[in-house]
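Text of the file data_0.csv, holding CSV, C-alpha atoms:
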chain,number,residue,atom,x,y,z
I,25,MET,CA,54.6,-60.1,57.6
I,26,PRO,CA,54.8,-60.1,61.4
I,27,PRO,CA,51.6,-61.0,63.3
I,28,VAL,CA,49.1,-58.4,64.4
I,29,PRO,CA,50.1,-57.2,67.9
I,30,GLU,CA,47.8,-58.0,70.8
I,31,GLY,CA,44.7,-55.7,71.0
I,32,VAL,CA,45.1,-54.4,67.4
I,33,GLN,CA,42.5,-55.5,64.8
I,34,ALA,CA,42.6,-54.2,61.3
I,35,VAL,CA,39.1,-53.5,60.1
I,36,TRP,CA,40.4,-51.8,56.9
I,37,GLU,CA,43.8,-52.2,55.3
I,38,ASP,CA,45.2,-51.1,52.0
I,39,GLU,CA,48.4,-49.5,50.7
I,40,HIS,CA,47.3,-46.0,51.6
I,41,LEU,CA,45.5,-46.2,55.0
I,42,LEU,CA,44.4,-48.3,57.9
I,43,VAL,CA,41.4,-48.4,60.1
I,44,LEU,CA,42.1,-50.2,63.4
I,45,HIS,CA,39.9,-51.3,66.2
I,46,LYS,CA,41.3,-49.9,69.5
I,47,PRO,CA,40.3,-51.7,72.8
I,48,ALA,CA,39.1,-49.6,75.7
I,49,GLY,CA,41.9,-48.7,78.1
I,50,LEU,CA,44.7,-48.5,75.5
I,51,LEU,CA,46.3,-45.1,74.7
I,52,CYS,CA,46.3,-44.0,71.1
I,53,VAL,CA,49.7,-42.4,71.3
I,54,PRO,CA,52.5,-42.6,73.9
I,55,GLY,CA,52.0,-40.6,77.1
I,56,ARG,CA,54.5,-39.2,79.6
I,57,GLY,CA,56.6,-41.7,81.5
I,58,PRO,CA,57.9,-45.2,80.7
I,59,ASP,CA,54.6,-46.8,81.9
I,60,LYS,CA,52.7,-45.1,79.1
I,61,GLN,CA,54.7,-46.1,76.1
I,62,ASP,CA,52.4,-49.0,75.2
I,63,CYS,CA,49.8,-47.6,72.9
I,64,LEU,CA,47.9,-48.2,69.6
I,65,SER,CA,50.4,-46.4,67.4
I,66,ALA,CA,53.3,-48.3,68.9
I,67,ARG,CA,51.6,-51.6,68.5
I,68,ALA,CA,50.6,-50.7,64.9
I,69,LEU,CA,54.2,-49.9,64.0
I,70,GLN,CA,55.2,-53.5,64.8
I,71,ARG,CA,52.9,-54.7,62.0
I,72,TRP,CA,52.8,-51.6,59.7
I,73,PRO,CA,56.1,-49.7,60.0
I,74,ASP,CA,54.7,-46.8,57.9
I,75,ALA,CA,51.6,-46.2,60.1
I,76,LEU,CA,51.0,-42.5,60.9
I,77,VAL,CA,48.5,-41.2,63.4
I,78,VAL,CA,45.6,-39.2,61.9
I,79,HIS,CA,43.3,-38.7,64.8
I,80,ARG,CA,42.8,-40.1,68.4
I,81,LEU,CA,40.3,-41.5,70.8
I,82,ASP,CA,40.3,-41.1,74.5
I,83,GLN,CA,42.1,-43.9,76.3
I,84,ALA,CA,38.8,-45.1,77.9
I,85,THR,CA,36.9,-45.2,74.5
I,86,SER,CA,37.0,-48.2,72.2
I,87,GLY,CA,36.5,-48.3,68.5
I,88,LEU,CA,37.7,-47.2,65.1
I,89,VAL,CA,40.9,-45.2,64.6
I,90,MET,CA,42.3,-44.3,61.2
I,91,MET,CA,46.0,-44.2,60.3
I,92,ALA,CA,47.8,-43.1,57.1
I,93,ARG,CA,50.6,-44.9,55.5
I,94,SER,CA,52.4,-41.9,54.0
I,95,LEU,CA,52.8,-38.3,54.8
I,96,PRO,CA,50.8,-37.0,51.8
I,97,ILE,CA,47.9,-39.3,52.8
I,98,GLN,CA,48.2,-38.2,56.4
I,99,ARG,CA,47.8,-34.6,55.4
I,100,GLN,CA,44.8,-35.3,53.2
I,101,LEU,CA,43.0,-37.3,56.0
I,102,SER,CA,43.9,-34.8,58.7
I,103,GLU,CA,42.4,-32.1,56.5
I,104,ALA,CA,39.3,-34.2,55.9
I,105,PHE,CA,38.8,-34.5,59.7
I,106,ALA,CA,39.4,-30.8,60.2
I,107,SER,CA,37.0,-29.8,57.5
I,108,ARG,CA,34.3,-32.2,58.8
I,109,LYS,CA,34.3,-34.3,55.6
I,110,MET,CA,34.5,-37.5,57.8
I,111,GLU,CA,31.4,-39.1,59.2
I,112,LYS,CA,32.0,-40.4,62.8
I,113,ARG,CA,29.4,-42.3,64.7
I,114,TYR,CA,29.6,-43.5,68.3
I,115,VAL,CA,27.3,-45.6,70.5
I,116,ALA,CA,27.1,-44.9,74.2
I,117,VAL,CA,25.0,-46.1,77.1
I,118,VAL,CA,24.0,-43.2,79.4
I,119,HIS,CA,22.4,-43.1,82.8
I,120,GLY,CA,18.7,-42.4,83.1
I,121,TYR,CA,15.8,-42.2,80.7
I,122,LEU,CA,16.7,-39.9,77.9
I,123,ALA,CA,13.6,-38.8,76.0
I,124,ALA,CA,13.7,-39.6,72.3
I,125,GLY,CA,12.1,-36.4,71.1
I,126,ASN,CA,10.4,-36.7,67.7
I,127,GLY,CA,10.8,-40.4,66.8
I,128,ASP,CA,14.4,-41.2,65.9
I,129,GLU,CA,15.3,-37.8,64.6
I,130,TRP,CA,18.7,-36.3,65.5
I,131,GLN,CA,18.8,-33.8,68.3
I,132,THR,CA,21.6,-31.2,68.6
I,133,ILE,CA,23.7,-30.3,71.6
I,134,ASN,CA,25.4,-26.9,71.0
I,135,LEU,CA,27.4,-26.1,74.1
I,136,PRO,CA,30.9,-24.5,74.1
I,137,ILE,CA,33.7,-26.5,75.8
I,138,ALA,CA,36.7,-25.1,77.6
I,139,ALA,CA,39.6,-26.5,79.5
I,140,ASP,CA,39.1,-26.7,83.2
I,141,TRP,CA,42.6,-25.5,84.1
I,142,GLU,CA,42.3,-26.1,87.9
I,143,ARG,CA,41.2,-29.7,87.3
I,144,ARG,CA,43.2,-30.7,84.2
I,145,PRO,CA,42.6,-32.8,82.0
I,146,LEU,CA,38.9,-32.2,82.6
I,147,ARG,CA,36.8,-30.0,80.3
I,148,VAL,CA,33.8,-27.9,81.2
I,149,VAL,CA,30.9,-26.1,79.4
I,150,ASP,CA,31.8,-22.4,79.5
I,151,ALA,CA,29.9,-19.8,77.5
I,152,THR,CA,32.6,-17.2,77.9
I,153,THR,CA,35.9,-19.0,77.1
I,154,GLY,CA,34.6,-22.2,75.5
I,155,LYS,CA,35.1,-23.2,71.9
I,156,PRO,CA,32.0,-23.9,69.8
I,157,SER,CA,31.1,-27.5,70.1
I,158,GLN,CA,28.2,-29.4,68.5
I,159,THR,CA,27.1,-33.0,68.9
I,160,LEU,CA,24.2,-34.8,67.2
I,161,TRP,CA,22.4,-37.5,69.2
I,162,ARG,CA,19.4,-39.8,68.9
I,163,VAL,CA,18.0,-42.5,71.1
I,164,LEU,CA,18.4,-46.2,70.1
I,165,ALA,CA,16.8,-48.0,73.0
I,166,HIS,CA,15.9,-47.8,76.7
I,167,ASP,CA,16.7,-50.3,79.4
I,168,PRO,CA,14.2,-49.7,82.2
I,169,HIS,CA,15.7,-52.4,84.4
I,170,ALA,CA,19.1,-50.7,84.4
I,171,ASN,CA,17.6,-47.2,84.0
I,172,THR,CA,19.9,-46.5,81.1
I,173,THR,CA,19.5,-45.3,77.5
I,174,ARG,CA,21.5,-46.4,74.5
I,175,VAL,CA,22.3,-43.5,72.2
I,176,GLU,CA,24.0,-42.9,68.8
I,177,LEU,CA,26.2,-39.8,68.8
I,178,GLU,CA,27.8,-37.9,65.9
I,179,PRO,CA,30.3,-35.2,66.9
I,180,LEU,CA,30.4,-32.3,64.5
I,181,THR,CA,33.4,-30.8,66.2
I,182,GLY,CA,36.4,-32.5,67.8
I,183,ARG,CA,36.9,-31.1,71.3
I,184,THR,CA,38.6,-33.2,73.9
I,185,HIS,CA,36.1,-35.3,75.9
I,186,GLN,CA,33.3,-33.6,73.8
I,187,LEU,CA,30.8,-36.5,73.9
I,188,ARG,CA,31.4,-37.2,77.6
I,189,VAL,CA,31.0,-33.5,78.5
I,190,HIS,CA,27.9,-33.0,76.4
I,191,MET,CA,26.1,-36.0,77.7
I,192,ALA,CA,26.9,-35.1,81.3
I,193,ALA,CA,25.7,-31.5,80.6
I,194,LEU,CA,22.3,-33.0,79.5
I,195,GLY,CA,22.1,-34.7,82.9
I,196,HIS,CA,22.8,-38.2,81.4
I,197,PRO,CA,26.5,-39.0,81.9
I,198,ILE,CA,27.9,-42.0,80.1
I,199,VAL,CA,28.0,-45.2,82.1
I,200,GLY,CA,31.4,-45.9,83.5
I,201,ASP,CA,32.6,-42.3,83.2
I,202,ALA,CA,34.8,-41.6,86.3
I,203,LEU,CA,35.6,-38.1,85.1
I,204,TYR,CA,32.1,-36.7,84.3
I,205,GLY,CA,29.8,-39.1,85.9
I,206,SER,CA,29.2,-40.5,89.4
I,207,THR,CA,32.2,-40.9,91.7
I,208,GLN,CA,30.8,-44.4,92.4
I,209,VAL,CA,31.5,-46.0,89.0
I,210,SER,CA,29.8,-49.4,89.0
I,211,HIS,CA,30.9,-50.5,85.5
I,212,GLN,CA,34.4,-51.7,84.6
I,213,ARG,CA,34.8,-49.5,81.5
I,214,LEU,CA,33.4,-46.4,79.8
I,215,LEU,CA,30.5,-47.5,77.6
I,216,LEU,CA,31.5,-45.3,74.7
I,217,HIS,CA,32.5,-46.8,71.3
I,218,ALA,CA,33.5,-45.3,68.0
I,219,ARG,CA,31.3,-47.6,65.8
I,220,ALA,CA,31.5,-46.2,62.3
I,221,LEU,CA,33.7,-44.1,60.0
I,222,GLY,CA,32.6,-42.8,56.7
I,223,PHE,CA,35.1,-41.1,54.4
I,224,TYR,CA,36.1,-40.3,50.8
I,225,HIS,CA,39.1,-42.4,50.0
I,226,PRO,CA,42.1,-40.1,49.5
I,227,VAL,CA,43.2,-41.8,46.3
I,228,HIS,CA,40.2,-43.1,44.3
I,229,GLN,CA,37.7,-40.8,46.1
I,230,ASN,CA,35.0,-43.4,46.5
I,231,TRP,CA,32.9,-43.1,49.6
I,232,CYS,CA,33.9,-45.8,52.2
I,233,HIS,CA,32.0,-46.8,55.3
I,234,VAL,CA,33.7,-48.9,58.0
I,235,LEU,CA,31.8,-50.5,60.9
I,236,ALA,CA,32.9,-52.1,64.2
I,237,PRO,CA,29.9,-53.0,66.4
I,238,GLU,CA,30.2,-52.3,70.1
I,239,ALA,CA,30.8,-55.1,72.6
I,240,PHE,CA,28.5,-53.9,75.3

So that I can check it, write out the structure of this file as structure tokens.
Amino acid sequence: MPPVPEGVQAVWEDEHLLVLHKPAGLLCVPGRGPDKQDCLSARALQRWPDALVVHRLDQATSGLVMMARSLPIQRQLSEAFASRKMEKRYVAVVHGYLAAGNGDEWQTINLPIAADWERRPLRVVDATTGKPSQTLWRVLAHDPHANTTRVELEPLTGRTHQLRVHMAALGHPIVGDALYGSTQVSHQRLLLHARALGFYHPVHQNWCHVLAPEAF
């Protein structure tokens, strides 16, 4: 078998599906123009010619991405994402001191998100035209020296830029976010990482849990 392409790490591999670790800054799928053809799916195809995209992460976000290895499995996994049968957990570092609430209990952000047509590809919280969007969050740790808070996030819906928009709406944008945070971005990357995926395997139906710890 050919070597794994640069930047692509298989965290889970079987004959039915893949879970790959995407580095920050790499597109999930090709973009417009010849300079945006290098992406996770193109690199994966060099090693797994049957790899099919199931879901995506923002280019700036690192972490776990699932791919199917046949059309029937792709349909099953896509339906599992659409029906919220997948468990997706992220870790982020946000600006400021975010109060933990009642211990480590999950808190809920329920703010509708809409496209900001005048500033595409940005999204905006909009009670009139926005689609229902829910994110669970809880505090993991505070860093008083950097004035930041490390949080765990679980999106219940899958809107574009949802986690970034929701954290900014709380007044605590994610560190390194040039779209929804400070215009003076001091960190070299967005500190948002897709850390865990939980899913029922589409063939044997056992519950599977895949982890890839953040590197920040």

Between CA of Leu51 in chain I and CA of Ala66 in chain I lies a distance of 9.6 Å

Considering only C-alpha atoms, return as a PDB file with C-alpha atoms, keeping the file's coordinate frame whatever protein or nucleic-acid residues lie within 6 Å of range 77-84 of chain I, sequence-local ones (same chain, fewer than 3 positions apart) excluded.
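Listed below is the output, result.pdb:
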ATOM      1  CA  ALA I  48      39.100 -49.600  75.700  1.00  0.00           C
ATOM      2  CA  GLY I  49      41.900 -48.700  78.100  1.00  0.00           C
ATOM      3  CA  LEU I  50      44.700 -48.500  75.500  1.00  0.00           C
ATOM      4  CA  LEU I  51      46.300 -45.100  74.700  1.00  0.00           C
ATOM      5  CA  CYS I  52      46.300 -44.000  71.100  1.00  0.00           C
ATOM      6  CA  MET I  91      46.000 -44.200  60.300  1.00  0.00           C
ATOM      7  CA  SER I 102      43.900 -34.800  58.700  1.00  0.00           C
ATOM      8  CA  LEU I 214      33.400 -46.400  79.800  1.00  0.00           C
TER       9      LEU I 214
END

Restricting to all atoms listed in the file, whichever of I:Leu160, I:Val35, I:Leu216, I:Asn134 is closest to Glu111 in chain I is I:Leu160

CA of Gln229 in chain I to CA of Asp38 in chain I measures 14.0 Å

Taken to one decimal, the CA of Thr172 in chain I-CA of Gly120 in chain I distance is 4.7 Å

Closest of I:Phe223, I:Ala165, I:Arg143, I:Pro136 to Val189 in chain I, counting all atoms listed in the file, is I:Pro136

Counting all atoms listed in the file, the residue among I:Gly87, I:Leu42, I:Pro145, I:Asn230 that lies closest to Leu69 in chain I is I:Leu42

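For the residues I:Val175, I:Val148, I:Leu76, I:Ala138, ranking by smallest atom-to-atom distance to His196 in chain I using all atoms listed in the file places I:Val175 first.
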
Selection: 10 Å around Leu164 in chain I, only C-alpha atoms, excl. self and same-chain fewer than 4 positions, as a PyMOL selection string: chain I and resi 115-117+124+128+173-176

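Among the candidate residues I:Val118, I:Val28, I:Val43, I:Val53, the one lying nearest to Arg71 in chain I is I:Val28, with distances computed using all atoms listed in the file.
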
Of I:Glu238, I:Asp201, I:Asp59, I:Glu37, the one nearest to Leu146 in chain I when counting all atoms listed in the file is I:Asp201

**Message:** as a count of residues only, please: the residues near Tyr224 in chain I (cut-off 9 Å, all atoms listed in the file, same-chain neighbours under 3 positions excluded).
**Reply:** 10

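Residues of protein, DNA and RNA with at least one atom no farther than 8 Å from (29.1, -53.1, 70.6) are, using all atoms listed in the file, Val115, His217, Arg219, Ala236, Pro237, Glu238, Ala239 and Phe240 of chain I.
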
With N, CA and C atoms as the target, complete range 43-62 of chain I and hand it back as a PDB file, in the coordinates of the input.
ATOM      1  N   VAL I  43      42.336 -48.676  59.092  1.00  0.00           N
ATOM      2  CA  VAL I  43      41.400 -48.400  60.100  1.00  0.00           C
ATOM      3  C   VAL I  43      41.460 -49.510  61.141  1.00  0.00           C
ATOM      4  N   LEU I  44      41.871 -49.176  62.344  1.00  0.00           N
ATOM      5  CA  LEU I  44      42.100 -50.200  63.400  1.00  0.00           C
ATOM      6  C   LEU I  44      41.079 -50.081  64.471  1.00  0.00           C
ATOM      7  N   HIS I  45      40.851 -51.206  65.112  1.00  0.00           N
ATOM      8  CA  HIS I  45      39.900 -51.300  66.200  1.00  0.00           C
ATOM      9  C   HIS I  45      40.727 -51.210  67.522  1.00  0.00           C
ATOM     10  N   LYS I  46      40.549 -50.126  68.268  1.00  0.00           N
ATOM     11  CA  LYS I  46      41.300 -49.900  69.500  1.00  0.00           C
ATOM     12  C   LYS I  46      40.437 -50.438  70.700  1.00  0.00           C
ATOM     13  N   PRO I  47      41.027 -51.267  71.569  1.00  0.00           N
ATOM     14  CA  PRO I  47      40.300 -51.700  72.800  1.00  0.00           C
ATOM     15  C   PRO I  47      40.222 -50.571  73.788  1.00  0.00           C
ATOM     16  N   ALA I  48      39.213 -50.600  74.632  1.00  0.00           N
ATOM     17  CA  ALA I  48      39.100 -49.600  75.700  1.00  0.00           C
ATOM     18  C   ALA I  48      40.310 -49.805  76.662  1.00  0.00           C
ATOM     19  N   GLY I  49      40.827 -48.681  77.160  1.00  0.00           N
ATOM     20  CA  GLY I  49      41.900 -48.700  78.100  1.00  0.00           C
ATOM     21  C   GLY I  49      43.303 -48.575  77.473  1.00  0.00           C
ATOM     22  N   LEU I  50      43.396 -48.616  76.144  1.00  0.00           N
ATOM     23  CA  LEU I  50      44.700 -48.500  75.500  1.00  0.00           C
ATOM     24  C   LEU I  50      44.841 -47.060  74.935  1.00  0.00           C
ATOM     25  N   LEU I  51      45.967 -46.436  75.225  1.00  0.00           N
ATOM     26  CA  LEU I  51      46.300 -45.100  74.700  1.00  0.00           C
ATOM     27  C   LEU I  51      46.385 -45.174  73.169  1.00  0.00           C
ATOM     28  N   CYS I  52      46.075 -44.054  72.506  1.00  0.00           N
ATOM     29  CA  CYS I  52      46.300 -44.000  71.100  1.00  0.00           C
ATOM     30  C   CYS I  52      47.747 -43.678  70.724  1.00  0.00           C
ATOM     31  N   VAL I  53      48.354 -42.790  71.496  1.00  0.00           N
ATOM     32  CA  VAL I  53      49.700 -42.400  71.300  1.00  0.00           C
ATOM     33  C   VAL I  53      50.466 -42.462  72.636  1.00  0.00           C
ATOM     34  N   PRO I  54      51.808 -42.485  72.644  1.00  0.00           N
ATOM     35  CA  PRO I  54      52.500 -42.600  73.900  1.00  0.00           C
ATOM     36  C   PRO I  54      52.224 -41.400  74.836  1.00  0.00           C
ATOM     37  N   GLY I  55      52.170 -41.673  76.127  1.00  0.00           N
ATOM     38  CA  GLY I  55      52.000 -40.600  77.100  1.00  0.00           C
ATOM     39  C   GLY I  55      53.336 -40.305  77.779  1.00  0.00           C
ATOM     40  N   ARG I  56      53.282 -39.541  78.857  1.00  0.00           N
ATOM     41  CA  ARG I  56      54.500 -39.200  79.600  1.00  0.00           C
ATOM     42  C   ARG I  56      54.869 -40.298  80.560  1.00  0.00           C
ATOM     43  N   GLY I  57      56.121 -40.680  80.549  1.00  0.00           N
ATOM     44  CA  GLY I  57      56.600 -41.700  81.500  1.00  0.00           C
ATOM     45  C   GLY I  57      56.731 -43.055  80.811  1.00  0.00           C
ATOM     46  N   PRO I  58      57.639 -43.877  81.322  1.00  0.00           N
ATOM     47  CA  PRO I  58      57.900 -45.200  80.700  1.00  0.00           C
ATOM     48  C   PRO I  58      56.718 -46.147  80.810  1.00  0.00           C
ATOM     49  N   ASP I  59      55.791 -45.909  81.745  1.00  0.00           N
ATOM     50  CA  ASP I  59      54.600 -46.800  81.900  1.00  0.00           C
ATOM     51  C   ASP I  59      53.531 -46.491  80.914  1.00  0.00           C
ATOM     52  N   LYS I  60      53.713 -45.454  80.089  1.00  0.00           N
ATOM     53  CA  LYS I  60      52.700 -45.100  79.100  1.00  0.00           C
ATOM     54  C   LYS I  60      53.170 -45.095  77.696  1.00  0.00           C
ATOM     55  N   GLN I  61      54.139 -45.956  77.439  1.00  0.00           N
ATOM     56  CA  GLN I  61      54.700 -46.100  76.100  1.00  0.00           C
ATOM     57  C   GLN I  61      53.911 -47.105  75.249  1.00  0.00           C
ATOM     58  N   ASP I  62      53.251 -48.038  75.902  1.00  0.00           N
ATOM     59  CA  ASP I  62      52.400 -49.000  75.200  1.00  0.00           C
ATOM     60  C   ASP I  62      51.158 -48.297  74.694  1.00  0.00           C
TER      61      ASP I  62
END
